[in-house]
file protein_27.tsv (TSV, C-alpha atoms)
chain	number	residue	atom	x	y	z
X	537	MET	CA	8.69	-37.09	12.50
X	538	ASP	CA	6.38	-35.06	14.72
X	539	ILE	CA	6.60	-31.48	13.49
X	540	LYS	CA	7.30	-28.86	16.15
X	541	TYR	CA	8.62	-25.34	15.93
X	542	TRP	CA	11.75	-24.62	17.97
X	543	LYS	CA	13.23	-21.24	18.65
X	544	LYS	CA	16.91	-21.03	19.55
X	545	SER	CA	18.13	-18.32	21.86
X	546	GLU	CA	19.94	-16.67	18.93
X	547	GLY	CA	16.54	-16.04	17.32
X	548	SER	CA	16.62	-18.61	14.48
X	549	ILE	CA	13.50	-20.65	13.87
X	550	ILE	CA	14.15	-24.39	13.51
X	551	ARG	CA	11.14	-26.11	11.98
X	552	SER	CA	12.27	-29.74	11.90
X	553	ILE	CA	15.43	-31.86	11.95
X	554	ASP	CA	15.93	-35.04	9.93
X	555	ASP	CA	18.17	-36.77	7.41
X	556	TRP	CA	18.22	-35.28	3.89
X	557	VAL	CA	16.31	-37.36	1.32
X	558	LEU	CA	15.19	-36.85	-2.26
X	559	SER	CA	11.68	-35.66	-3.26
X	560	GLU	CA	10.79	-33.97	0.01
X	561	ASN	CA	8.96	-30.62	0.19
X	562	LEU	CA	11.22	-28.46	2.34
X	563	GLU	CA	10.35	-25.17	4.00
X	564	VAL	CA	12.37	-22.37	5.55
X	565	GLY	CA	13.59	-23.52	8.96
X	566	ASP	CA	14.02	-27.22	8.12
X	567	VAL	CA	17.39	-28.62	9.18
X	568	ARG	CA	18.69	-31.62	7.26
X	569	LEU	CA	21.70	-33.79	8.04
X	570	ASN	CA	23.94	-34.84	5.15
X	571	GLY	CA	27.52	-36.09	5.00
X	572	GLY	CA	28.09	-35.60	8.72
X	573	ALA	CA	26.96	-31.97	8.73
X	574	ALA	CA	23.71	-30.13	9.37
X	575	TYR	CA	22.28	-27.55	6.94
X	576	PHE	CA	19.65	-24.88	7.47
X	577	CYS	CA	17.02	-24.40	4.70
X	578	TRP	CA	16.54	-20.70	3.89
X	579	ALA	CA	14.45	-21.10	0.68
X	580	ALA	CA	11.50	-23.50	0.25
X	581	HIS	CA	12.09	-26.14	-2.43
X	582	LEU	CA	11.56	-29.76	-3.49
X	583	SER	CA	14.70	-31.71	-2.65
X	584	ALA	CA	16.56	-32.88	-5.74
X	585	ALA	CA	20.11	-33.93	-6.65
X	586	ASN	CA	21.18	-30.41	-7.61
X	587	TYR	CA	20.02	-29.14	-4.19
X	588	GLU	CA	21.69	-31.87	-2.10
X	589	PRO	CA	23.23	-29.89	0.78
X	590	GLY	CA	26.98	-29.53	0.47
X	591	VAL	CA	27.03	-31.65	-2.71
X	592	GLY	CA	24.60	-30.50	-5.43
X	593	ALA	CA	25.52	-27.84	-7.96
X	594	ASP	CA	22.90	-25.42	-6.64
X	595	TRP	CA	22.84	-26.32	-2.96
X	596	GLU	CA	23.92	-22.84	-1.80
X	597	ASP	CA	20.79	-21.37	-3.43
X	598	VAL	CA	18.60	-23.02	-0.77
X	599	TRP	CA	20.85	-24.05	2.15
X	600	LYS	CA	23.13	-22.26	4.59
X	601	PRO	CA	26.29	-23.96	5.91
X	602	PRO	CA	26.18	-25.27	9.48
X	603	LEU	CA	27.73	-22.14	10.98
X	604	ALA	CA	25.30	-19.69	9.29
X	605	MET	CA	21.81	-18.37	10.06
X	606	GLY	CA	22.19	-18.70	13.81
X	607	VAL	CA	22.16	-22.51	13.91
X	608	GLN	CA	25.71	-22.90	15.20
X	609	GLY	CA	24.44	-25.04	18.05
X	610	ILE	CA	24.04	-27.99	15.69
X	611	GLN	CA	27.73	-28.09	14.82
X	612	GLY	CA	29.00	-26.86	18.13
X	613	ILE	CA	27.88	-29.83	20.27
X	614	PRO	CA	30.88	-31.03	22.29
X	615	GLY	CA	32.60	-34.04	20.82
X	616	GLY	CA	31.47	-33.93	17.21
X	617	THR	CA	28.46	-33.74	14.88
X	618	LEU	CA	24.89	-34.28	16.06
X	619	ALA	CA	23.43	-37.62	14.94
X	620	TRP	CA	19.68	-37.14	14.87
X	621	LYS	CA	17.70	-40.20	16.04
X	622	GLY	CA	14.15	-38.86	16.12
X	623	PRO	CA	11.70	-39.29	19.03
X	624	TYR	CA	13.24	-40.67	22.22
X	625	ASN	CA	12.77	-44.42	22.75
X	626	ALA	CA	13.55	-45.97	26.12
X	627	SER	CA	14.62	-49.24	24.48
X	628	THR	CA	17.17	-47.65	22.13
X	629	GLN	CA	20.89	-47.54	22.89
X	630	TYR	CA	22.15	-44.00	22.30
X	631	ALA	CA	25.71	-42.83	21.78
X	632	ALA	CA	27.22	-39.50	22.79
X	633	ASN	CA	25.98	-36.67	20.53
X	634	ASP	CA	22.88	-38.59	19.42
X	635	GLY	CA	19.96	-36.15	19.15
X	636	VAL	CA	16.39	-36.98	20.20
X	637	LEU	CA	12.98	-35.34	20.49
X	638	SER	CA	11.46	-35.63	23.96
X	639	THR	CA	7.77	-36.32	24.61
X	640	GLU	CA	7.39	-32.57	25.27
X	641	GLY	CA	8.74	-31.68	21.85
X	642	ARG	CA	12.14	-30.48	23.16
X	643	ALA	CA	15.37	-31.44	21.38
X	644	PHE	CA	18.27	-32.95	23.37
X	645	TYR	CA	21.70	-34.40	22.59
X	646	ALA	CA	23.32	-37.22	24.54
X	647	LEU	CA	26.25	-36.36	26.81
X	648	GLN	CA	27.34	-40.02	27.06
X	649	PRO	CA	26.17	-43.47	25.95
X	650	THR	CA	22.82	-44.24	27.55
X	651	LYS	CA	19.78	-46.50	27.38
X	652	GLY	CA	16.55	-46.13	29.30
X	653	ASN	CA	17.45	-42.74	30.76
X	654	ALA	CA	14.96	-40.19	29.48
X	655	PRO	CA	15.70	-36.50	28.80
X	656	PRO	CA	14.61	-34.17	31.62
X	657	THR	CA	11.19	-32.54	31.67
X	658	TYR	CA	10.50	-28.81	31.48
X	659	PRO	CA	11.92	-26.54	32.86
X	660	THR	CA	15.03	-28.66	33.53
X	661	THR	CA	17.51	-28.44	30.64
X	662	THR	CA	20.13	-31.05	31.53
X	663	ASN	CA	20.78	-34.24	33.50
X	664	ALA	CA	23.62	-36.73	33.63
X	665	TYR	CA	22.77	-38.11	30.18
X	666	TRP	CA	21.15	-35.32	28.13
X	667	SER	CA	21.53	-31.60	27.45
X	668	LEU	CA	18.96	-29.31	25.83
X	669	PHE	CA	19.62	-28.48	22.18
X	670	ALA	CA	16.44	-26.55	21.27
X	671	GLU	CA	13.35	-25.59	23.25
X	672	ALA	CA	9.86	-26.55	22.03
X	673	GLY	CA	7.45	-23.86	20.87
X	674	LEU	CA	4.25	-23.35	22.83
X	675	ASP	CA	1.01	-24.76	21.50
X	676	GLY	CA	-0.95	-22.33	19.36
X	677	ILE	CA	0.82	-19.27	17.92
X	678	GLN	CA	4.57	-19.82	17.75
X	679	ALA	CA	7.43	-17.41	18.13
X	680	ASP	CA	7.52	-16.87	14.36
X	681	GLY	CA	3.75	-16.28	14.11
X	682	SER	CA	2.99	-19.76	12.78
X	683	VAL	CA	0.39	-22.12	14.22
X	684	ALA	CA	1.32	-25.38	15.94
X	685	MET	CA	0.14	-28.58	14.31
X	686	THR	CA	-1.56	-31.48	16.03
X	687	GLY	CA	-1.72	-35.09	14.98
X	688	ALA	CA	1.72	-35.06	13.35
X	689	LEU	CA	0.94	-34.09	9.77
X	690	THR	CA	3.76	-35.06	7.46
X	691	LEU	CA	5.41	-32.59	5.08
X	692	THR	CA	3.70	-34.38	2.20
X	693	GLN	CA	0.31	-33.91	3.81
X	694	ILE	CA	1.01	-30.22	4.31
X	695	ALA	CA	1.95	-29.82	0.66
X	696	THR	CA	-1.02	-31.95	-0.47
X	697	PRO	CA	-3.53	-31.72	2.37
X	698	SER	CA	-6.26	-33.57	0.48
X	699	GLU	CA	-4.33	-36.77	1.18
X	700	PRO	CA	-6.48	-38.87	3.56
X	701	ALA	CA	-5.10	-39.17	7.06
X	702	ALA	CA	-7.33	-40.27	9.93
X	703	SER	CA	-7.29	-38.13	13.07
X	704	LYS	CA	-4.99	-35.47	11.59
X	705	THR	CA	-5.75	-31.82	12.29
X	706	ALA	CA	-3.80	-28.71	11.31
X	707	ILE	CA	-4.08	-25.02	10.57
X	708	TYR	CA	-1.38	-23.92	8.16
X	709	ALA	CA	-0.37	-21.44	5.47
X	710	LYS	CA	0.21	-22.43	1.85
X	711	SER	CA	2.18	-20.84	-0.96
X	712	ASP	CA	-0.88	-18.82	-2.09
X	713	GLY	CA	-0.60	-16.82	1.14
X	714	LYS	CA	-3.90	-18.09	2.56
X	715	ILE	CA	-4.65	-19.99	5.75
X	716	TYR	CA	-6.20	-23.47	5.56
X	717	LYS	CA	-7.62	-26.05	7.94
X	718	TYR	CA	-7.29	-29.80	7.41
X	719	ALA	CA	-9.03	-32.03	9.94
X	720	ASN	CA	-9.70	-35.72	10.53
X	721	GLY	CA	-8.67	-36.83	7.07
X	722	GLY	CA	-11.28	-34.56	5.48
X	723	ALA	CA	-11.06	-31.98	2.73
X	724	GLU	CA	-8.96	-28.88	2.98
X	725	THR	CA	-10.90	-25.74	3.97
X	726	GLU	CA	-9.72	-22.18	3.44
X	727	ILE	CA	-10.39	-20.24	6.65
X	728	GLY	CA	-8.77	-16.91	5.93
X	729	SER	CA	-5.63	-15.11	4.97
X	730	GLY	CA	-2.90	-13.69	7.09
X	731	ALA	CA	-1.99	-10.95	4.66
X	732	GLY	CA	-4.27	-11.21	1.64
X	733	PHE	CA	-6.27	-8.17	0.51
X	734	TRP	CA	-9.26	-10.40	-0.41
X	735	SER	CA	-10.21	-13.62	1.39
X	736	SER	CA	-12.90	-16.19	0.70
X	737	VAL	CA	-16.10	-15.70	2.68
X	738	PRO	CA	-16.30	-18.67	5.11
X	739	GLY	CA	-19.34	-20.72	6.06
X	740	THR	CA	-20.47	-21.74	2.55
X	741	PRO	CA	-22.30	-18.62	1.27
X	742	THR	CA	-25.82	-19.58	0.14
X	743	ARG	CA	-28.10	-17.22	-1.80
X	744	VAL	CA	-31.49	-16.33	-0.32
X	745	SER	CA	-32.41	-13.44	-2.62
X	746	ASP	CA	-30.83	-10.77	-4.80
X	747	THR	CA	-29.88	-8.86	-1.66
X	748	GLN	CA	-29.39	-11.58	0.94
X	749	PHE	CA	-27.30	-14.70	1.61
X	750	THR	CA	-26.48	-16.91	4.58
X	751	ILE	CA	-23.35	-18.51	5.97
X	752	THR	CA	-23.04	-21.32	8.51
X	753	ASP	CA	-21.65	-20.61	11.99
X	754	SER	CA	-22.49	-23.47	14.35
X	755	GLY	CA	-23.23	-22.15	17.81
X	756	ASN	CA	-22.06	-18.70	16.70
X	757	ALA	CA	-18.55	-19.98	17.45
X	758	ASN	CA	-16.86	-17.72	14.90
X	759	LYS	CA	-18.93	-14.58	15.58
X	760	TYR	CA	-19.35	-13.97	11.87
X	761	ASP	CA	-22.22	-11.60	12.62
X	762	LYS	CA	-19.70	-9.43	14.48
X	763	ILE	CA	-17.01	-9.72	11.82
X	764	PHE	CA	-19.08	-9.11	8.68
X	765	THR	CA	-20.66	-5.80	9.63
X	766	LYS	CA	-21.81	-2.75	7.68
X	767	GLY	CA	-19.21	-1.53	5.22
X	768	THR	CA	-17.67	-4.95	4.50
X	769	ILE	CA	-16.93	-5.05	0.77
X	770	LEU	CA	-17.77	-8.19	-1.20
X	771	GLN	CA	-16.90	-9.39	-4.66
X	772	TRP	CA	-18.02	-12.50	-6.54
X	773	THR	CA	-18.30	-13.93	-10.03
X	774	GLU	CA	-21.46	-14.60	-12.06
X	775	THR	CA	-20.95	-16.27	-15.44
X	776	ALA	CA	-17.41	-14.87	-15.60
X	777	THR	CA	-18.64	-11.35	-14.72
X	778	PHE	CA	-17.12	-9.41	-11.84
X	779	CYS	CA	-19.76	-8.31	-9.31
X	780	THR	CA	-19.44	-6.33	-6.10
X	781	GLY	CA	-21.51	-5.21	-3.15
X	782	MET	CA	-21.41	-4.14	0.48
X	783	ILE	CA	-22.84	-5.64	3.64
X	784	VAL	CA	-25.43	-3.41	5.35
X	785	SER	CA	-26.41	-5.76	8.18
X	786	ALA	CA	-25.78	-9.25	9.60
X	787	SER	CA	-27.65	-11.23	12.25
X	788	TYR	CA	-27.18	-14.65	13.86
X	789	GLY	CA	-29.82	-17.31	14.51
X	790	ALA	CA	-29.93	-21.12	14.63
X	791	ASN	CA	-26.35	-21.79	13.52
X	792	THR	CA	-26.75	-19.39	10.60
X	793	VAL	CA	-25.70	-15.80	9.93
X	794	THR	CA	-28.05	-13.92	7.60
X	795	ILE	CA	-26.34	-11.13	5.64
X	796	ASN	CA	-28.06	-8.30	3.75
X	797	ILE	CA	-26.20	-6.46	0.99
X	798	VAL	CA	-26.47	-3.58	-1.47
X	799	GLY	CA	-24.74	-3.40	-4.85
X	800	ASP	CA	-24.96	-5.87	-7.71
X	801	SER	CA	-27.81	-8.38	-7.54
X	802	LEU	CA	-26.81	-11.74	-6.10
X	803	THR	CA	-28.23	-14.13	-8.68
X	804	ALA	CA	-28.26	-17.92	-8.52
X	805	GLY	CA	-25.01	-19.61	-9.44
X	806	PHE	CA	-22.60	-17.02	-8.05
X	807	THR	CA	-19.11	-18.29	-7.24
X	808	ALA	CA	-15.88	-17.26	-5.55
X	809	MET	CA	-17.36	-14.80	-3.05
X	810	LYS	CA	-14.63	-12.86	-1.24
X	811	TYR	CA	-14.46	-10.06	1.29
X	812	CYS	CA	-11.95	-7.22	1.52
X	813	ILE	CA	-9.56	-6.70	4.42
X	814	HIS	CA	-10.62	-3.01	4.39
X	815	LYS	CA	-14.11	-1.62	4.90
X	816	ALA	CA	-15.67	0.63	2.25
X	817	ILE	CA	-14.82	4.32	2.43
X	818	ARG	CA	-17.61	6.56	3.76
X	819	LEU	CA	-17.16	9.71	1.69
X	820	ARG	CA	-19.11	12.69	3.10
X	821	LEU	CA	-20.48	15.20	0.63
X	822	PRO	CA	-20.70	18.86	1.70
X	823	VAL	CA	-23.54	19.63	4.09
X	824	VAL	CA	-26.63	21.33	2.69
X	825	PRO	CA	-27.29	23.78	5.53
X	826	GLY	CA	-30.50	25.35	6.76
X	827	THR	CA	-34.14	24.66	5.89
X	828	LEU	CA	-34.30	22.44	2.82
X	829	ALA	CA	-36.05	23.36	-0.42
X	830	VAL	CA	-36.40	21.72	-3.84
X	831	ALA	CA	-33.22	22.58	-5.72
X	832	ASP	CA	-30.54	21.27	-8.03
X	833	ASN	CA	-27.08	21.50	-6.43
X	834	PRO	CA	-28.44	23.50	-3.46
X	835	SER	CA	-26.07	26.13	-2.15
X	836	GLY	CA	-23.64	25.20	-4.93
X	837	VAL	CA	-21.86	22.62	-2.76
X	838	TYR	CA	-19.77	19.97	-4.49
X	839	GLU	CA	-17.26	17.21	-3.79
X	840	TYR	CA	-14.70	15.92	-6.29
X	841	MET	CA	-13.92	12.21	-6.42
X	842	PRO	CA	-10.26	11.70	-5.43
X	843	TRP	CA	-9.77	8.43	-7.37
X	844	ASP	CA	-11.54	6.15	-9.82
X	845	ALA	CA	-14.24	4.70	-7.60
X	846	ILE	CA	-16.67	1.79	-7.40
X	847	LYS	CA	-19.89	3.12	-5.83
X	848	LEU	CA	-21.99	1.03	-3.46
X	849	SER	CA	-24.55	2.83	-1.30
X	850	ILE	CA	-25.83	6.21	-0.08
X	851	ASP	CA	-26.86	7.15	3.47
X	852	VAL	CA	-28.68	10.42	4.17
X	853	PHE	CA	-29.52	12.24	7.40
X	854	VAL	CA	-31.17	15.48	8.44
X	855	GLY	CA	-30.43	17.44	11.58
X	856	THR	CA	-34.10	18.19	12.26
X	857	ALA	CA	-36.91	16.00	10.92
X	858	GLY	CA	-39.56	17.33	8.60
X	859	THR	CA	-43.25	16.51	8.88
X	860	THR	CA	-45.96	15.56	6.39
X	861	ASN	CA	-44.66	13.84	3.25
X	862	ALA	CA	-41.11	12.71	2.52
X	863	THR	CA	-37.96	14.57	1.53
X	864	THR	CA	-36.34	12.97	-1.52
X	865	GLY	CA	-33.32	13.42	-3.75
X	866	HIS	CA	-30.28	11.87	-5.38
X	867	VAL	CA	-26.54	12.21	-5.86
X	868	ASN	CA	-25.06	13.19	-9.23
X	869	ASP	CA	-21.83	12.23	-10.95
X	870	ASP	CA	-21.08	15.16	-13.28
X	871	GLY	CA	-24.79	15.91	-13.43
X	872	THR	CA	-26.07	12.32	-13.86
X	873	ALA	CA	-27.83	10.60	-10.97
X	874	ILE	CA	-26.01	7.59	-9.53
X	875	ASN	CA	-29.12	6.46	-7.60
X	876	SER	CA	-32.07	6.57	-9.99
X	877	ALA	CA	-34.32	5.47	-7.10
X	878	ASP	CA	-34.21	8.64	-4.99
X	879	PHE	CA	-33.40	8.48	-1.32
X	880	SER	CA	-36.49	9.25	0.75
X	881	ILE	CA	-36.54	10.51	4.34
X	882	ALA	CA	-40.04	9.87	5.68
X	883	SER	CA	-42.08	12.34	7.67
X	884	THR	CA	-40.74	12.69	11.25
X	885	GLU	CA	-37.71	10.54	10.39
X	886	THR	CA	-34.10	11.76	10.34
X	887	SER	CA	-32.42	9.22	8.05
X	888	ASP	CA	-32.68	6.90	5.07
X	889	LEU	CA	-29.90	4.32	4.93
X	890	GLY	CA	-28.66	1.75	2.43
X	891	ASN	CA	-29.81	3.40	-0.80
X	892	VAL	CA	-28.55	1.41	-3.76
X	893	CYS	CA	-26.21	2.98	-6.30
X	894	ASP	CA	-26.90	2.10	-9.94
X	895	ALA	CA	-24.36	-0.21	-11.65
X	896	PRO	CA	-21.60	-0.22	-9.01
X	897	THR	CA	-18.89	-1.23	-11.49
X	898	THR	CA	-19.64	1.72	-13.76
X	899	ILE	CA	-16.76	3.79	-12.43
X	900	ILE	CA	-16.97	7.30	-11.02
X	901	ALA	CA	-13.84	8.77	-12.59
X	902	ALA	CA	-11.24	10.58	-10.53
X	903	GLY	CA	-12.00	14.31	-10.55
X	904	SER	CA	-15.73	13.85	-11.21
X	905	LYS	CA	-18.00	16.46	-9.60
X	906	LEU	CA	-20.40	15.00	-7.04
X	907	SER	CA	-23.48	17.07	-6.28
X	908	ILE	CA	-26.90	16.70	-4.66
X	909	ASP	CA	-30.36	17.29	-6.12
X	910	ILE	CA	-33.31	17.70	-3.73
X	911	THR	CA	-36.42	16.66	-5.65
X	912	ALA	CA	-39.09	17.03	-2.92
X	913	VAL	CA	-39.34	18.23	0.66
X	914	SER	CA	-41.74	17.61	3.52
X	915	THR	CA	-44.50	20.16	4.05
X	916	THR	CA	-42.66	21.26	7.14
X	917	ALA	CA	-39.17	21.04	5.70
X	918	PRO	CA	-36.32	19.33	7.52
X	919	VAL	CA	-33.19	21.26	8.45
X	920	ASP	CA	-29.57	20.50	7.47
X	921	LEU	CA	-28.94	17.61	5.04
X	922	TYR	CA	-25.98	15.22	5.39
X	923	VAL	CA	-25.16	12.78	2.58
X	924	TYR	CA	-22.60	9.96	2.65
X	925	LEU	CA	-21.44	7.87	-0.32
X	926	TRP	CA	-20.04	4.40	0.44
X	927	CYS	CA	-17.44	3.50	-2.19
X	928	TYR	CA	-13.94	2.14	-2.70
X	929	PRO	CA	-11.03	2.80	-5.09
X	930	GLU	CA	-11.27	0.74	-8.26
X	931	SER	CA	-7.63	-0.26	-7.71
X	932	TRP	CA	-8.70	-2.38	-4.73
X	933	ARG	CA	-10.50	-4.71	-7.11
X	934	TYR	CA	-7.17	-5.88	-8.48
X	935	MET	CA	-5.34	-6.34	-5.19
X	936	ALA	CA	-4.33	-9.92	-4.39
call {"tool": "encode", "arguments": {"input": "protein_27.tsv", "output": "structure tokens"}}
result
Amino acid sequence: MDIKYWKKSEGSIIRSIDDWVLSENLEVGDVRLNGGAAYFCWAAHLSAANYEPGVGADWEDVWKPPLAMGVQGIQGIPGGTLAWKGPYNASTQYAANDGVLSTEGRAFYALQPTKGNAPPTYPTTTNAYWSLFAEAGLDGIQADGSVAMTGALTLTQIATPSEPAASKTAIYAKSDGKIYKYANGGAETEIGSGAGFWSSVPGTPTRVSDTQFTITDSGNANKYDKIFTKGTILQWTETATFCTGMIVSASYGANTVTINIVGDSLTAGFTAMKYCIHKAIRLRLPVVPGTLAVADNPSGVYEYMPWDAIKLSIDVFVGTAGTTNATTGHVNDDGTAINSADFSIASTETSDLGNVCDAPTTIIAAGSKLSIDITAVSTTAPVDLYVYLWCYPESWRYMA
């Protein structure tokens, strides 16, 4: 049957109504008719003899009786039990209490025997022959947060969306918690995750260099250059090795988004690239105030890492630019530099962004002392140094 989402006034979500059969993938909200009664599915399962509603040994583990879960309307139709007949057909003879699906996706039950008399159209709820049983959900996002389907995908196709089916299109969630698209009988495509901590990067990531990759976005329809901005955390696998990095910039052109990263090198053959739902944390180290001079741990200012951290990048700024030659330095973890290539603020400039941290997955332990070494200053020294470390808790790596 054509799948629609219905919301009863009591607040229950009715996903579909049909006769109970064996070997069907059932989801929460499916209503199945069996032995003259209607049952509401409250736990997803594959229908089997032990789950036969009202009959099987374990049926109460997955079904609610007709008067539970706010679906009383099914059993409370005047004159007896609803007999579901599927989509309305003008050539079919219907009896009182027969249930049909209108062309608008609304569910009605017959008030009297009828043939050739269609259910009323929205917003009318009753006529001489039919009375509204359940209202149709609107196209797009439904009352329960789900997404309407087009092209009448079957339950089997939802469970196994690689099954060919011409002119079928759907956006749907699967048991892994991710959101998928299945269109025109083609392959299933993961397009995101409603609640996942990590989601696959869309648009077929393609390596350009150790620090750059591209993704496809035809006509900039998805605005990936606006979504994947500075601070977006990435992880991927290279020959079974966990790698991580952070986006520093993204730009769109000719159906392609070009993304620049810092962190681990993006070598050929990477797989399973994902992005985090949270941006990296921008941890500010204490300000080095006043006119800068070459010094280890100037002014004795420190920061202590609050948790085991994966380090990604360093941004530095000065309040007043220096002139003639560059000002350089690095950040230390308990006295050892985490950026062996010093940051370098050029003459007359006030910042140096996107400095790479060495070996991101070599963890900065919780409680480690972070300090700053200034290794050179401009002839006319800059004033006031600000240093930011982009990082994230190691625990995030293991979030689902």
call {"tool": "atom_distance", "arguments": {"input": "protein_27.tsv", "atom1": "CA of Ile769 in chain X", "atom2": "CA of Ala902 in chain X"}}
result
20.1 Å
call {"tool": "closest_residue", "arguments": {"input": "protein_27.tsv", "among": "X:Gly903, X:Gly865, X:Gly799, X:Gly855", "to": "Ser887 in chain X", "atoms": "only C-alpha atoms"}}
result
X:Gly855
call {"tool": "closest_residue", "arguments": {"input": "protein_27.tsv", "among": "X:Phe879, X:Thr898, X:Met809, X:Gly767", "to": "Trp926 in chain X", "atoms": "only C-alpha atoms"}}
result
X:Gly767
call {"tool": "atom_distance", "arguments": {"input": "protein_27.tsv", "atom1": "CA of Asp746 in chain X", "atom2": "CA of Val798 in chain X"}}
result
9.0 Å
call {"tool": "residues_near_point", "arguments": {"input": "protein_27.tsv", "point": "(-28.7, 14.8, 14.3)", "cutoff": "9 Å", "atoms": "only C-alpha atoms", "output": "ChimeraX atom specification"}}
result
/X:853-857,886,920
call {"tool": "residues_around", "arguments": {"input": "protein_27.tsv", "residues": "Ala585 in chain X", "least_positions_apart": "3", "cutoff": "12 Å", "atoms": "all atoms listed in the file", "output": "number ranges by chain"}}
result
X: 556-560, 581-582, 588-595
call {"tool": "decode", "arguments": {"input": "protein_27.tsv", "residues": "range 783-818 of chain X", "atoms": "C-alpha atoms", "output": "CSV table (one decimal), in the first residue's frame"}}
result
chain,number,residue,atom,x,y,z
X,783,ILE,CA,38.9,22.1,7.8
X,784,VAL,CA,40.5,25.6,7.5
X,785,SER,CA,38.7,26.8,4.4
X,786,ALA,CA,36.1,25.7,1.8
X,787,SER,CA,35.2,27.4,-1.5
X,788,TYR,CA,32.7,26.5,-4.3
X,789,GLY,CA,33.3,26.6,-8.1
X,790,ALA,CA,32.0,24.6,-11.1
X,791,ASN,CA,29.8,22.1,-9.2
X,792,THR,CA,32.7,21.3,-6.8
X,793,VAL,CA,33.6,22.4,-3.3
X,794,THR,CA,37.4,22.5,-2.6
X,795,ILE,CA,38.3,21.9,1.0
X,796,ASN,CA,41.6,22.7,2.7
X,797,ILE,CA,42.6,20.9,5.9
X,798,VAL,CA,45.3,20.7,8.6
X,799,GLY,CA,46.1,17.6,10.6
X,800,ASP,CA,47.2,14.2,9.3
X,801,SER,CA,48.3,14.1,5.7
X,802,LEU,CA,45.5,12.9,3.3
X,803,THR,CA,47.2,10.2,1.4
X,804,ALA,CA,45.9,8.3,-1.6
X,805,GLY,CA,43.5,5.5,-0.7
X,806,PHE,CA,41.8,7.0,2.3
X,807,THR,CA,38.4,5.7,3.2
X,808,ALA,CA,35.4,6.3,5.4
X,809,MET,CA,35.8,10.1,5.8
X,810,LYS,CA,33.4,11.5,8.4
X,811,TYR,CA,32.8,14.8,10.0
X,812,CYS,CA,31.8,15.6,13.6
X,813,ILE,CA,28.5,17.2,14.6
X,814,HIS,CA,30.6,19.6,16.8
X,815,LYS,CA,33.2,22.0,15.7
X,816,ALA,CA,36.7,21.8,17.2
X,817,ILE,CA,37.3,23.6,20.5
X,818,ARG,CA,39.3,26.9,20.2
